[in-house]
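Novice: This is the content of query.cif (mmCIF, N, CA and C atoms):
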data_input
loop_
_atom_site.group_PDB
_atom_site.id
_atom_site.type_symbol
_atom_site.label_atom_id
_atom_site.label_comp_id
_atom_site.auth_asym_id
_atom_site.auth_seq_id
_atom_site.Cartn_x
_atom_site.Cartn_y
_atom_site.Cartn_z
ATOM 1 N N MET M 1 13.780 -15.794 46.617
ATOM 2 C CA MET M 1 12.722 -16.690 46.196
ATOM 3 C C MET M 1 12.969 -17.095 44.750
ATOM 4 N N LYS M 2 12.569 -18.320 44.441
ATOM 5 C CA LYS M 2 12.685 -18.820 43.070
ATOM 6 C C LYS M 2 11.405 -19.545 42.689
ATOM 7 N N THR M 3 11.033 -19.381 41.432
ATOM 8 C CA THR M 3 9.936 -20.151 40.861
ATOM 9 C C THR M 3 10.540 -21.075 39.816
ATOM 10 N N TYR M 4 10.251 -22.356 39.960
ATOM 11 C CA TYR M 4 10.756 -23.368 39.035
ATOM 12 C C TYR M 4 9.641 -23.786 38.091
ATOM 13 N N VAL M 5 10.018 -24.066 36.838
ATOM 14 C CA VAL M 5 9.046 -24.441 35.816
ATOM 15 C C VAL M 5 9.516 -25.720 35.129
ATOM 16 N N GLU M 6 8.603 -26.670 35.028
ATOM 17 C CA GLU M 6 8.834 -27.864 34.220
ATOM 18 C C GLU M 6 7.912 -27.775 33.015
ATOM 19 N N ILE M 7 8.412 -28.139 31.848
ATOM 20 C CA ILE M 7 7.666 -28.019 30.595
ATOM 21 C C ILE M 7 7.398 -29.403 30.025
ATOM 22 N N PHE M 8 6.173 -29.602 29.578
ATOM 23 C CA PHE M 8 5.792 -30.802 28.844
ATOM 24 C C PHE M 8 5.346 -30.334 27.465
ATOM 25 N N HIS M 9 5.993 -30.850 26.431
ATOM 26 C CA HIS M 9 5.726 -30.403 25.063
ATOM 27 C C HIS M 9 4.745 -31.347 24.372
ATOM 28 N N SER M 10 3.907 -30.775 23.531
ATOM 29 C CA SER M 10 2.983 -31.542 22.706
ATOM 30 C C SER M 10 3.581 -31.690 21.312
ATOM 31 N N ALA M 11 3.471 -32.881 20.742
ATOM 32 C CA ALA M 11 3.949 -33.088 19.373
ATOM 33 C C ALA M 11 3.163 -32.236 18.382
ATOM 34 N N ASN M 12 1.964 -31.832 18.762
ATOM 35 C CA ASN M 12 1.128 -30.992 17.903
ATOM 36 C C ASN M 12 1.304 -29.505 18.194
ATOM 37 N N GLY M 13 2.177 -29.180 19.133
ATOM 38 C CA GLY M 13 2.337 -27.790 19.548
ATOM 39 C C GLY M 13 3.548 -27.123 18.924
ATOM 40 N N GLU M 14 3.920 -26.022 19.533
ATOM 41 C CA GLU M 14 5.044 -25.206 19.066
ATOM 42 C C GLU M 14 6.362 -25.930 19.322
ATOM 43 N N LYS M 15 7.378 -25.598 18.542
ATOM 44 C CA LYS M 15 8.706 -26.197 18.705
ATOM 45 C C LYS M 15 9.303 -25.778 20.058
ATOM 46 N N PRO M 16 10.074 -26.682 20.684
ATOM 47 C CA PRO M 16 10.714 -26.341 21.952
ATOM 48 C C PRO M 16 11.577 -25.081 21.871
ATOM 49 N N SER M 17 12.196 -24.823 20.736
ATOM 50 C CA SER M 17 13.039 -23.627 20.613
ATOM 51 C C SER M 17 12.216 -22.345 20.739
ATOM 52 N N ILE M 18 10.977 -22.360 20.271
ATOM 53 C CA ILE M 18 10.090 -21.195 20.388
ATOM 54 C C ILE M 18 9.673 -21.008 21.843
ATOM 55 N N ILE M 19 9.341 -22.104 22.516
ATOM 56 C CA ILE M 19 8.972 -22.042 23.941
ATOM 57 C C ILE M 19 10.156 -21.499 24.748
ATOM 58 N N PHE M 20 11.356 -21.988 24.442
ATOM 59 C CA PHE M 20 12.574 -21.519 25.102
ATOM 60 C C PHE M 20 12.715 -20.007 24.933
ATOM 61 N N GLU M 21 12.516 -19.524 23.729
ATOM 62 C CA GLU M 21 12.643 -18.093 23.445
ATOM 63 C C GLU M 21 11.645 -17.268 24.258
ATOM 64 N N ILE M 22 10.409 -17.723 24.323
ATOM 65 C CA ILE M 22 9.370 -17.007 25.078
ATOM 66 C C ILE M 22 9.744 -16.939 26.556
ATOM 67 N N LEU M 23 10.156 -18.072 27.113
ATOM 68 C CA LEU M 23 10.473 -18.119 28.541
ATOM 69 C C LEU M 23 11.691 -17.266 28.879
ATOM 70 N N THR M 24 12.715 -17.313 28.056
ATOM 71 C CA THR M 24 13.905 -16.513 28.356
ATOM 72 C C THR M 24 13.628 -15.020 28.189
ATOM 73 N N GLU M 25 12.751 -14.655 27.254
ATOM 74 C CA GLU M 25 12.366 -13.244 27.112
ATOM 75 C C GLU M 25 11.645 -12.734 28.357
ATOM 76 N N MET M 26 11.002 -13.642 29.094
ATOM 77 C CA MET M 26 10.293 -13.263 30.317
ATOM 78 C C MET M 26 11.194 -13.308 31.546
ATOM 79 N N GLY M 27 12.476 -13.598 31.348
ATOM 80 C CA GLY M 27 13.421 -13.561 32.456
ATOM 81 C C GLY M 27 13.718 -14.898 33.099
ATOM 82 N N LEU M 28 13.174 -15.988 32.567
ATOM 83 C CA LEU M 28 13.480 -17.303 33.107
ATOM 84 C C LEU M 28 14.811 -17.778 32.556
ATOM 85 N N LYS M 29 15.534 -18.534 33.370
ATOM 86 C CA LYS M 29 16.831 -19.071 32.976
ATOM 87 C C LYS M 29 16.713 -20.588 32.840
ATOM 88 N N PRO M 30 17.359 -21.165 31.816
ATOM 89 C CA PRO M 30 17.339 -22.624 31.696
ATOM 90 C C PRO M 30 18.049 -23.258 32.884
ATOM 91 N N SER M 31 17.584 -24.440 33.258
ATOM 92 C CA SER M 31 18.118 -25.124 34.425
ATOM 93 C C SER M 31 18.276 -26.606 34.097
ATOM 94 N N TYR M 32 19.357 -27.201 34.553
ATOM 95 C CA TYR M 32 19.572 -28.634 34.374
ATOM 96 C C TYR M 32 19.051 -29.368 35.597
ATOM 97 N N GLY M 33 18.617 -30.602 35.404
ATOM 98 C CA GLY M 33 18.169 -31.405 36.529
ATOM 99 C C GLY M 33 16.664 -31.518 36.583
ATOM 100 N N GLN M 34 16.129 -31.428 37.774
ATOM 101 C CA GLN M 34 14.706 -31.666 38.006
ATOM 102 C C GLN M 34 13.808 -30.652 37.303
ATOM 103 N N HIS M 35 14.240 -29.418 37.180
ATOM 104 C CA HIS M 35 13.419 -28.359 36.594
ATOM 105 C C HIS M 35 14.036 -27.888 35.280
ATOM 106 N N ASP M 36 13.182 -27.453 34.371
ATOM 107 C CA ASP M 36 13.658 -26.992 33.066
ATOM 108 C C ASP M 36 14.089 -25.525 33.085
ATOM 109 N N PHE M 37 13.368 -24.715 33.877
ATOM 110 C CA PHE M 37 13.653 -23.277 33.952
ATOM 111 C C PHE M 37 13.485 -22.808 35.387
ATOM 112 N N GLU M 38 14.135 -21.684 35.700
ATOM 113 C CA GLU M 38 13.927 -21.057 37.002
ATOM 114 C C GLU M 38 13.837 -19.547 36.832
ATOM 115 N N TYR M 39 13.046 -18.946 37.697
ATOM 116 C CA TYR M 39 12.911 -17.491 37.737
ATOM 117 C C TYR M 39 13.311 -17.046 39.131
ATOM 118 N N THR M 40 14.303 -16.175 39.229
ATOM 119 C CA THR M 40 14.767 -15.673 40.516
ATOM 120 C C THR M 40 14.126 -14.315 40.768
ATOM 121 N N TRP M 41 13.352 -14.236 41.844
ATOM 122 C CA TRP M 41 12.698 -12.980 42.216
ATOM 123 C C TRP M 41 13.734 -12.043 42.814
ATOM 124 N N LYS M 42 13.569 -10.760 42.589
ATOM 125 C CA LYS M 42 14.509 -9.768 43.122
ATOM 126 C C LYS M 42 14.254 -9.475 44.597
ATOM 127 N N LYS M 43 13.071 -9.866 45.079
ATOM 128 C CA LYS M 43 12.693 -9.638 46.479
ATOM 129 C C LYS M 43 11.689 -10.711 46.863
ATOM 130 N N ASP M 44 11.379 -10.786 48.145
ATOM 131 C CA ASP M 44 10.305 -11.678 48.562
ATOM 132 C C ASP M 44 8.992 -11.138 48.012
ATOM 133 N N VAL M 45 8.163 -12.026 47.499
ATOM 134 C CA VAL M 45 6.900 -11.616 46.888
ATOM 135 C C VAL M 45 5.743 -12.348 47.543
ATOM 136 N N THR M 46 4.555 -11.821 47.325
ATOM 137 C CA THR M 46 3.349 -12.435 47.875
ATOM 138 C C THR M 46 2.844 -13.519 46.927
ATOM 139 N N PHE M 47 1.947 -14.320 47.441
ATOM 140 C CA PHE M 47 1.322 -15.358 46.630
ATOM 141 C C PHE M 47 0.624 -14.738 45.419
ATOM 142 N N ILE M 48 -0.039 -13.608 45.624
ATOM 143 C CA ILE M 48 -0.748 -12.923 44.532
ATOM 144 C C ILE M 48 0.237 -12.494 43.442
ATOM 145 N N GLU M 49 1.401 -11.983 43.813
ATOM 146 C CA GLU M 49 2.405 -11.579 42.819
ATOM 147 C C GLU M 49 2.905 -12.777 42.009
ATOM 148 N N ILE M 50 3.052 -13.912 42.673
ATOM 149 C CA ILE M 50 3.458 -15.133 41.967
ATOM 150 C C ILE M 50 2.382 -15.530 40.963
ATOM 151 N N ILE M 51 1.131 -15.518 41.395
ATOM 152 C CA ILE M 51 0.020 -15.878 40.507
ATOM 153 C C ILE M 51 -0.055 -14.916 39.325
ATOM 154 N N GLN M 52 0.144 -13.633 39.559
ATOM 155 C CA GLN M 52 0.110 -12.653 38.466
ATOM 156 C C GLN M 52 1.230 -12.921 37.457
ATOM 157 N N PHE M 53 2.405 -13.286 37.934
ATOM 158 C CA PHE M 53 3.507 -13.639 37.039
ATOM 159 C C PHE M 53 3.146 -14.878 36.225
ATOM 160 N N LEU M 54 2.586 -15.880 36.885
ATOM 161 C CA LEU M 54 2.195 -17.105 36.186
ATOM 162 C C LEU M 54 1.101 -16.832 35.162
ATOM 163 N N ASP M 55 0.168 -15.933 35.484
ATOM 164 C CA ASP M 55 -0.865 -15.532 34.515
ATOM 165 C C ASP M 55 -0.227 -14.950 33.254
ATOM 166 N N ARG M 56 0.767 -14.078 33.426
ATOM 167 C CA ARG M 56 1.451 -13.477 32.268
ATOM 168 C C ARG M 56 2.183 -14.549 31.457
ATOM 169 N N LEU M 57 2.813 -15.472 32.164
ATOM 170 C CA LEU M 57 3.541 -16.550 31.503
ATOM 171 C C LEU M 57 2.593 -17.427 30.683
ATOM 172 N N ILE M 58 1.480 -17.809 31.274
ATOM 173 C CA ILE M 58 0.488 -18.639 30.578
ATOM 174 C C ILE M 58 -0.072 -17.898 29.373
ATOM 175 N N SER M 59 -0.331 -16.609 29.516
ATOM 176 C CA SER M 59 -0.852 -15.817 28.392
ATOM 177 C C SER M 59 0.127 -15.817 27.223
ATOM 178 N N LYS M 60 1.426 -15.681 27.524
ATOM 179 C CA LYS M 60 2.444 -15.681 26.468
ATOM 180 C C LYS M 60 2.525 -17.031 25.757
ATOM 181 N N LEU M 61 2.251 -18.115 26.492
ATOM 182 C CA LEU M 61 2.384 -19.459 25.930
ATOM 183 C C LEU M 61 1.073 -20.012 25.366
ATOM 184 N N LYS M 62 0.009 -19.242 25.458
ATOM 185 C CA LYS M 62 -1.290 -19.706 24.964
ATOM 186 C C LYS M 62 -1.177 -20.105 23.492
ATOM 187 N N GLY M 63 -1.706 -21.272 23.176
ATOM 188 C CA GLY M 63 -1.693 -21.759 21.806
ATOM 189 C C GLY M 63 -0.450 -22.548 21.423
ATOM 190 N N THR M 64 0.518 -22.656 22.332
ATOM 191 C CA THR M 64 1.753 -23.377 22.014
ATOM 192 C C THR M 64 1.645 -24.874 22.283
ATOM 193 N N GLY M 65 0.638 -25.281 23.043
ATOM 194 C CA GLY M 65 0.502 -26.687 23.406
ATOM 195 C C GLY M 65 1.353 -27.084 24.596
ATOM 196 N N ALA M 66 2.088 -26.138 25.164
ATOM 197 C CA ALA M 66 2.947 -26.439 26.313
ATOM 198 C C ALA M 66 2.105 -26.614 27.570
ATOM 199 N N ILE M 67 2.471 -27.601 28.357
ATOM 200 C CA ILE M 67 1.867 -27.821 29.671
ATOM 201 C C ILE M 67 2.966 -27.541 30.688
ATOM 202 N N LEU M 68 2.640 -26.741 31.696
ATOM 203 C CA LEU M 68 3.643 -26.300 32.659
ATOM 204 C C LEU M 68 3.322 -26.785 34.064
ATOM 205 N N LYS M 69 4.373 -27.027 34.818
ATOM 206 C CA LYS M 69 4.258 -27.335 36.245
ATOM 207 C C LYS M 69 5.138 -26.327 36.970
ATOM 208 N N PHE M 70 4.578 -25.675 37.984
ATOM 209 C CA PHE M 70 5.281 -24.615 38.711
ATOM 210 C C PHE M 70 5.505 -25.006 40.165
ATOM 211 N N SER M 71 6.598 -24.523 40.732
ATOM 212 C CA SER M 71 6.789 -24.576 42.181
ATOM 213 C C SER M 71 7.655 -23.384 42.572
ATOM 214 N N THR M 72 7.308 -22.769 43.695
ATOM 215 C CA THR M 72 8.043 -21.601 44.184
ATOM 216 C C THR M 72 8.545 -21.896 45.587
ATOM 217 N N ILE M 73 9.817 -21.552 45.829
ATOM 218 C CA ILE M 73 10.389 -21.713 47.165
ATOM 219 C C ILE M 73 10.995 -20.389 47.604
ATOM 220 N N SER M 74 11.088 -20.223 48.926
ATOM 221 C CA SER M 74 11.689 -18.986 49.438
ATOM 222 C C SER M 74 13.090 -19.248 49.922
#
Turn this file's structure into structure tokens for me.
Specialist:
Amino acid sequence: MKTYVEIFHSANGEKPSIIFEILTEMGLKPSYGQHDFEYTWKKDVTFIEIIQFLDRLISKLKGTGAILKFSTIS
């Protein structure tokens, strides 16, 4: 399973390099093309586990001005 993340940056928010650092510290890898980052799950996970991961991600990015779009595929 993979969760893909697209990032929209605010000119009034944190620098993209800081957002990059936060996301990579959480295990996301940069991706070229349609998505900016991807997270590869080590096993199949439930919807609740995905939401809990996204909650942690949003908490880490709070105050940065970043807007995120997520999609997960199996």
Novice: Work out how far CA of Phe8 in chain M is from CA of Gly65 in chain M, in Å to one decimal.
Specialist: 8.6 Å
Novice: If you run DSSP on the backbone here, which positions in chain M get helix (DSSP H, G or I)? Please write them as a list in words.
Specialist: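 After running DSSP on the backbone, chain M has helix (DSSP H, G or I) at Pro16, Ser17, Ile18, Ile19, Phe20, Glu21, Ile22, Leu23, Thr24, Glu25, Phe47, Ile48, Glu49, Ile50, Ile51, Gln52, Phe53, Leu54, Asp55, Arg56, Leu57, Ile58, Ser59, Lys60 and Leu61 of chain M.
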Novice: One number please: atom N of Ile50 in chain M to atom N of Thr3 in chain M, in Å, one decimal.
Specialist: 9.8 Å
Novice: Using DSSP secondary structure from the backbone, list all strand (DSSP E) positions within range 11-69 of chain M, as JSON, numbers by chain.
Specialist: {"M": [29, 30, 37, 38, 39, 40, 67, 68, 69]}
Novice: With all atoms listed in the file as the counted atoms, please give the residues lying no more than 5 Å from Met1 in chain M, apart from itself and same-chain residues fewer than 5 positions off, as a list in words.
Specialist: Thr40, Trp41, Ile73 and Ser74 of chain M
Novice: Residues at most 6 Å from range 12-27 of chain M, counting only N, CA and C atoms, excluding those fewer than 6 positions away in the same chain, as a list in words?
Specialist: Glu38, Tyr39, Gly63, Thr64, Gly65 and Ala66 of chain M
